[in-house]
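Participant: I'd like to ask you about the structure that follows.
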Amino acid sequence: MAAGTLAVAVAACENTPVELPEATNIVVPVTALTLIAGDEAGLTAQVLDQDGRLIPDARVSWMSSAPSVVAVFDDDGAAFVEAFSVGTATLTATYGSLTATVEVTVTPDTRDMVQSVEFMEESGTYDVVEGSVLLPFQAYDGFGELDCFGVDDGLFSLTSSDESVAEIDGLDGCQVEVTLNGPGTTTITMSSNGASDTYELTVTAVVDNADFVGVIPGIAVAGQIVPVSVKAIDETGAPIVGQTIHFDVEIGTLDAVSVQTGADGIATVEWTVPTDLRDIGVQSSYVAFSAELPSGRLEGDLRSVTVTPDAATSLKLFHLREEGYVEITEDTLTFATATSERILVASYDQYGNLVETDNAMFATTPDDVVTGTGDTAFFDGKLVSISPYADVSSTTEEAVTLTVEVTTAESEVLETDLAIKFVAPTPI
């Protein structure tokens, strides 16, 4: 019986031949791919047998026809694709005698270029006596980042449809500078990289007027003396002589609050910015004027000015303790070994106002015991700045000198030293 059973099994096998899988096709997910220069992508390829079934262990190899345009690297049978430069390349997947291709096109990366521009307002009306105006706008690149500074690279085109009404002076950050020349309406057009927007500007000429003239800085520093001038003109544009102009400021002092215009129609006062900002903090202040003109019109205006500390002239060191940062007045600080202590440096102007501190360098000699550096918000009165700090620590008893060097915004180098002694803690 055993022999008979074996014969049947052999006969059954001979009557039903087994067909082994044979690779007949390579399938890729796409036949064409577009990438931006600098982009990366992944591709996979599947090898199928004569019945369209996946051959699981079949690994294909990849090759690029133009590696300088698109490079392809084998990643365990998959393809890691990296686009280097603008152009085209054919990626070929190979398994035995079978091949499949993907056509890759690489386009320029324009995402860092301006993609959209938009004036903050669609239109506006100004009087010719104002002399010039700033028209704010927004420009965004392909990453959604605000980009208003391409004028130096010629990326923005600015035009006025009627320069007898107004002409373009250029850009000031995210604002178009426009000079007002005469009454009428003109279209201001801004364009960049195919994106554009327009602003309808109407210029009027009133009977008489008064306005700020000269430069009122957007930022004034502690102790600065700022001249503030106002000019009054009649309907012909001629100066109005003897016109009383009233001035006002939010902080600081004026050398006069009411001044009459001279032969040129201009009245000028001097605004002295406070030297001590510790009680008021860094803030946006204003300068204003008012006048009743011969026509009976009441005219006035207000300009915002940010008040900041003067340039940094000195440094102070602070030690972080339980009660916060405490100014270091000692010549030498003594720390326990194996503990970490934080020393902060702050910059001050000539009036004792806290100034933003950048580019600080910490070093200790003879041994380097600086274990870390960083920066943090530091308050002094109502003033706050980002100030650098260093953490120091030593496991042995030693004396070192900490040298702190700060490069100011004006490229001046300030330096201060601190002696530090590390001693073993007293046993309890």
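FYI, nothing fancy with the structure tokens labels: chains A, B, ... in order, residues from 1 per chain, ligands from 1 as they appear.
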Produce a table with one row for each residue of range 194-291 of chain A that has an atom at most 7 Å from any atom of range 379-391 of chain A, each row naming the nearest atom pair and its distance in Å at one decimal; use only C-alpha atoms; arrange rows by chain and rising residue number; format as a Markdown table.
Facilitator:
```
| residue | atom | partner | partner_atom | distance |
| --- | --- | --- | --- | --- |
| A:Arg278 | CA | A:Gly381 | CA | 5.3 |
| A:Asp279 | CA | A:Lys382 | CA | 5.8 |
| A:Ile280 | CA | A:Lys382 | CA | 6.4 |
| A:Gly281 | CA | A:Lys382 | CA | 4.8 |
| A:Val282 | CA | A:Leu383 | CA | 6.4 |
```
Participant: Please provide as a list in words all residues within 6 Å of range 327-339 of chain A, with the sequence filter that same-chain residues fewer than 3 positions apart are discarded (counting only C-alpha atoms).
Facilitator: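 In the requested format, the answer is Leu317, Phe318, Ser393, Ser394, Thr395, Ala419, Ile420, Lys421, Phe422, Val423, Ala424 and Pro425 of chain A.
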Participant: Please, could you write that set of residues out with N, CA and C atoms as an mmCIF file, in the first residue's frame?
Facilitator:
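File part.cif, as written:
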```
data_model
loop_
_atom_site.group_PDB
_atom_site.id
_atom_site.type_symbol
_atom_site.label_atom_id
_atom_site.label_comp_id
_atom_site.auth_asym_id
_atom_site.auth_seq_id
_atom_site.Cartn_x
_atom_site.Cartn_y
_atom_site.Cartn_z
ATOM 1 N N LEU A 317 28.239 94.008 35.174
ATOM 2 C CA LEU A 317 28.065 92.571 35.354
ATOM 3 C C LEU A 317 27.092 92.307 36.491
ATOM 4 N N PHE A 318 26.273 91.251 36.324
ATOM 5 C CA PHE A 318 25.273 90.872 37.309
ATOM 6 C C PHE A 318 25.407 89.380 37.597
ATOM 7 N N SER A 393 31.886 77.286 36.003
ATOM 8 C CA SER A 393 31.953 76.230 37.003
ATOM 9 C C SER A 393 33.344 75.611 36.980
ATOM 10 N N SER A 394 33.821 75.199 38.156
ATOM 11 C CA SER A 394 35.108 74.518 38.243
ATOM 12 C C SER A 394 35.022 73.448 39.324
ATOM 13 N N THR A 395 35.652 72.316 39.053
ATOM 14 C CA THR A 395 35.653 71.225 40.035
ATOM 15 C C THR A 395 36.862 71.287 40.954
ATOM 16 N N ALA A 419 37.339 89.063 38.694
ATOM 17 C CA ALA A 419 38.123 87.991 39.313
ATOM 18 C C ALA A 419 37.178 87.017 40.014
ATOM 19 N N ILE A 420 37.394 85.730 39.789
ATOM 20 C CA ILE A 420 36.552 84.684 40.383
ATOM 21 C C ILE A 420 37.466 83.674 41.083
ATOM 22 N N LYS A 421 37.096 83.333 42.304
ATOM 23 C CA LYS A 421 37.859 82.331 43.071
ATOM 24 C C LYS A 421 36.922 81.172 43.391
ATOM 25 N N PHE A 422 37.351 79.977 43.045
ATOM 26 C CA PHE A 422 36.599 78.762 43.372
ATOM 27 C C PHE A 422 37.243 78.098 44.584
ATOM 28 N N VAL A 423 36.432 77.838 45.601
ATOM 29 C CA VAL A 423 36.954 77.195 46.810
ATOM 30 C C VAL A 423 36.052 76.015 47.154
ATOM 31 N N ALA A 424 36.638 75.018 47.807
ATOM 32 C CA ALA A 424 35.862 73.853 48.209
ATOM 33 C C ALA A 424 34.862 74.268 49.301
ATOM 34 N N PRO A 425 33.640 73.762 49.236
ATOM 35 C CA PRO A 425 32.652 74.126 50.252
ATOM 36 C C PRO A 425 33.054 73.601 51.624
#
```
Participant: Report as an NGL selection string all protein, DNA and RNA residues lying within 9 Å of range 25-33 of chain A, evaluated on only C-alpha atoms, omitting residues in the same chain fewer than 4 positions from it.
Facilitator: :A and (43-50 or 52 or 60 or 93-95 or 98-106)
Participant: I'd like to know which of A:Leu171, A:Val165, A:Ala79, A:Leu320 is closest to Ala41 in chain A, using only C-alpha atoms.
Facilitator: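 Of A:Leu171, A:Val165, A:Ala79, A:Leu320, the one nearest Ala41 in chain A, counting only C-alpha atoms, is A:Ala79.
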Participant: Would you mind reading off the distance between CA of Ile240 in chain A and CA of Gly296 in chain A, one decimal, in Å?
Facilitator: 13.5 Å
Participant: Range 284-337 of chain A: which residues are strand (DSSP E or B) by DSSP, as a VMD selection string?
Facilitator: chain A and resid 284 to 292 298 to 308 312 to 321 324 to 327 332 to 336
Participant: Might you pull out every residue within 7 Å of Val230 in chain A, with only C-alpha atoms counted and same-chain residues fewer than 4 positions away left off, and present them as a list in words?
Facilitator: Ala210, Asp211, Phe212, Val213, Ile266, Ala267 and Thr268 of chain A
Participant: Using only C-alpha atoms, which protein or nucleic acid residues come within 10 Å of range 176-190 of chain A? Drop anything in the same chain fewer than 4 positions from it, and give the result as a compact mmCIF listing (two decimals) with N, CA, C and O atoms, in the first residue's frame.
Facilitator:
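Heads up, here's the output in out-v1.txt:
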```
# COMPACT_ATOMS: atom_id res chain seq x y z
N VAL A 117 2.25 91.60 -4.36
CA VAL A 117 2.40 92.96 -3.83
C VAL A 117 1.01 93.56 -3.67
O VAL A 117 0.12 93.31 -4.47
N GLU A 118 0.84 94.34 -2.60
CA GLU A 118 -0.47 94.94 -2.36
C GLU A 118 -0.30 96.21 -1.53
O GLU A 118 0.32 96.19 -0.47
N PHE A 119 -0.82 97.32 -2.05
CA PHE A 119 -0.87 98.55 -1.26
C PHE A 119 -1.84 98.35 -0.10
O PHE A 119 -2.85 97.66 -0.23
N SER A 123 -6.56 103.93 -2.35
CA SER A 123 -6.46 105.31 -2.83
C SER A 123 -6.27 106.24 -1.64
O SER A 123 -6.41 105.84 -0.48
N GLY A 124 -5.95 107.50 -1.94
CA GLY A 124 -5.77 108.50 -0.90
C GLY A 124 -5.69 109.88 -1.49
O GLY A 124 -5.38 110.06 -2.68
N THR A 125 -6.00 110.89 -0.66
CA THR A 125 -5.95 112.29 -1.09
C THR A 125 -5.03 113.06 -0.16
O THR A 125 -5.14 112.97 1.06
N TYR A 126 -4.11 113.81 -0.77
CA TYR A 126 -3.14 114.61 -0.02
C TYR A 126 -3.05 115.99 -0.64
O TYR A 126 -3.33 116.17 -1.83
N ASP A 127 -2.66 116.96 0.19
CA ASP A 127 -2.49 118.31 -0.33
C ASP A 127 -1.05 118.50 -0.78
O ASP A 127 -0.11 117.96 -0.19
N VAL A 128 -0.88 119.31 -1.81
CA VAL A 128 0.44 119.51 -2.41
C VAL A 128 1.43 120.10 -1.41
O VAL A 128 2.64 119.88 -1.50
N VAL A 129 0.92 120.86 -0.42
CA VAL A 129 1.83 121.48 0.54
C VAL A 129 2.51 120.46 1.44
O VAL A 129 3.50 120.77 2.10
N GLU A 130 2.00 119.24 1.46
CA GLU A 130 2.64 118.21 2.27
C GLU A 130 3.99 117.80 1.70
O GLU A 130 4.80 117.18 2.39
N GLY A 131 4.22 118.12 0.44
CA GLY A 131 5.52 117.89 -0.15
C GLY A 131 5.76 116.46 -0.60
O GLY A 131 6.08 116.21 -1.76
N SER A 132 5.62 115.52 0.31
CA SER A 132 5.82 114.11 -0.03
C SER A 132 5.00 113.24 0.91
O SER A 132 4.63 113.68 2.01
N VAL A 133 4.73 112.03 0.48
CA VAL A 133 3.97 111.08 1.30
C VAL A 133 4.62 109.71 1.18
O VAL A 133 5.38 109.44 0.24
N LEU A 134 4.30 108.85 2.15
CA LEU A 134 4.74 107.46 2.14
C LEU A 134 3.52 106.57 2.00
O LEU A 134 2.58 106.67 2.79
N LEU A 135 3.52 105.72 0.99
CA LEU A 135 2.40 104.82 0.74
C LEU A 135 2.80 103.40 1.17
O LEU A 135 3.63 102.75 0.50
N PRO A 136 2.27 102.89 2.28
CA PRO A 136 2.67 101.56 2.75
C PRO A 136 2.11 100.45 1.87
O PRO A 136 1.02 100.56 1.31
N PHE A 137 2.89 99.37 1.76
CA PHE A 137 2.47 98.22 0.97
C PHE A 137 3.00 96.96 1.64
O PHE A 137 3.81 97.00 2.56
N PHE A 156 11.76 95.60 -7.88
CA PHE A 156 10.50 96.34 -7.89
C PHE A 156 10.51 97.38 -9.00
O PHE A 156 11.51 98.08 -9.20
N SER A 157 9.39 97.48 -9.70
CA SER A 157 9.20 98.53 -10.70
C SER A 157 8.12 99.48 -10.19
O SER A 157 7.03 99.04 -9.79
N LEU A 158 8.40 100.78 -10.16
CA LEU A 158 7.48 101.79 -9.65
C LEU A 158 7.27 102.86 -10.70
O LEU A 158 8.24 103.41 -11.23
N THR A 159 6.01 103.17 -10.99
CA THR A 159 5.71 104.19 -11.99
C THR A 159 4.55 105.07 -11.51
O THR A 159 3.73 104.64 -10.70
N SER A 160 4.54 106.30 -12.01
CA SER A 160 3.43 107.22 -11.81
C SER A 160 2.88 107.58 -13.18
O SER A 160 3.64 107.96 -14.08
N SER A 161 1.55 107.48 -13.35
CA SER A 161 0.96 107.74 -14.66
C SER A 161 1.00 109.22 -15.03
O SER A 161 0.90 109.56 -16.21
N ASP A 162 1.15 110.11 -14.05
CA ASP A 162 1.21 111.55 -14.33
C ASP A 162 2.20 112.18 -13.34
O ASP A 162 1.85 112.48 -12.20
N GLU A 163 3.43 112.38 -13.78
CA GLU A 163 4.46 112.90 -12.89
C GLU A 163 4.30 114.38 -12.60
O GLU A 163 4.96 114.91 -11.72
N SER A 164 3.41 115.07 -13.34
CA SER A 164 3.12 116.46 -12.99
C SER A 164 2.29 116.53 -11.71
O SER A 164 2.26 117.56 -11.04
N VAL A 165 1.64 115.41 -11.37
CA VAL A 165 0.87 115.31 -10.11
C VAL A 165 1.77 114.77 -9.00
O VAL A 165 1.84 115.35 -7.91
N ALA A 166 2.44 113.67 -9.27
CA ALA A 166 3.32 113.06 -8.27
C ALA A 166 4.33 112.18 -8.98
O ALA A 166 4.02 111.58 -10.02
N GLU A 167 5.54 112.09 -8.41
CA GLU A 167 6.57 111.23 -8.98
C GLU A 167 7.16 110.36 -7.88
O GLU A 167 7.15 110.70 -6.70
N ILE A 168 7.71 109.22 -8.31
CA ILE A 168 8.26 108.23 -7.39
C ILE A 168 9.68 108.64 -6.98
O ILE A 168 10.52 108.96 -7.83
N ASP A 169 9.94 108.60 -5.67
CA ASP A 169 11.29 108.83 -5.17
C ASP A 169 12.03 107.52 -4.90
O ASP A 169 13.26 107.48 -4.92
N GLY A 170 11.30 106.45 -4.60
CA GLY A 170 11.93 105.16 -4.29
C GLY A 170 11.19 104.46 -3.19
O GLY A 170 10.00 104.71 -2.95
N LEU A 171 11.88 103.56 -2.50
CA LEU A 171 11.29 102.78 -1.42
C LEU A 171 11.98 103.09 -0.10
O LEU A 171 13.18 103.35 -0.05
N ASP A 172 11.19 103.09 0.95
CA ASP A 172 11.70 103.19 2.32
C ASP A 172 11.12 102.01 3.09
O ASP A 172 10.05 102.11 3.69
N ALA A 195 3.88 90.14 -10.34
CA ALA A 195 2.81 90.57 -9.43
C ALA A 195 2.76 92.10 -9.43
O ALA A 195 3.80 92.76 -9.50
N SER A 196 1.57 92.68 -9.33
CA SER A 196 1.46 94.14 -9.35
C SER A 196 0.22 94.60 -8.60
O SER A 196 -0.71 93.83 -8.34
N ASP A 197 0.21 95.90 -8.26
CA ASP A 197 -0.94 96.53 -7.63
C ASP A 197 -0.86 98.02 -7.92
O ASP A 197 0.21 98.55 -8.28
N THR A 198 -2.01 98.71 -7.78
CA THR A 198 -2.06 100.14 -8.09
C THR A 198 -2.66 100.92 -6.92
O THR A 198 -3.38 100.37 -6.09
N TYR A 199 -2.31 102.20 -6.89
CA TYR A 199 -2.82 103.13 -5.87
C TYR A 199 -3.23 104.41 -6.57
O TYR A 199 -2.43 105.01 -7.30
N GLU A 200 -4.49 104.82 -6.38
CA GLU A 200 -4.99 106.05 -6.98
C GLU A 200 -4.71 107.22 -6.04
O GLU A 200 -5.27 107.30 -4.95
N LEU A 201 -3.82 108.10 -6.46
CA LEU A 201 -3.37 109.21 -5.63
C LEU A 201 -3.95 110.52 -6.16
O LEU A 201 -3.71 110.89 -7.32
N THR A 202 -4.71 111.20 -5.30
CA THR A 202 -5.26 112.50 -5.66
C THR A 202 -4.54 113.59 -4.87
O THR A 202 -4.38 113.48 -3.65
N VAL A 203 -4.09 114.62 -5.58
CA VAL A 203 -3.38 115.74 -4.96
C VAL A 203 -4.24 116.99 -5.10
O VAL A 203 -4.73 117.30 -6.19
N THR A 204 -4.43 117.68 -3.98
CA THR A 204 -5.24 118.90 -3.97
C THR A 204 -4.35 120.09 -3.63
O THR A 204 -3.22 119.95 -3.17
N ALA A 205 -4.89 121.30 -3.86
CA ALA A 205 -4.22 122.55 -3.48
C ALA A 205 -5.25 123.41 -2.75
O ALA A 205 -6.18 123.94 -3.36
N VAL A 206 -5.10 123.56 -1.44
CA VAL A 206 -6.07 124.32 -0.64
C VAL A 206 -5.69 125.78 -0.60
O VAL A 206 -4.64 126.21 -1.09
```
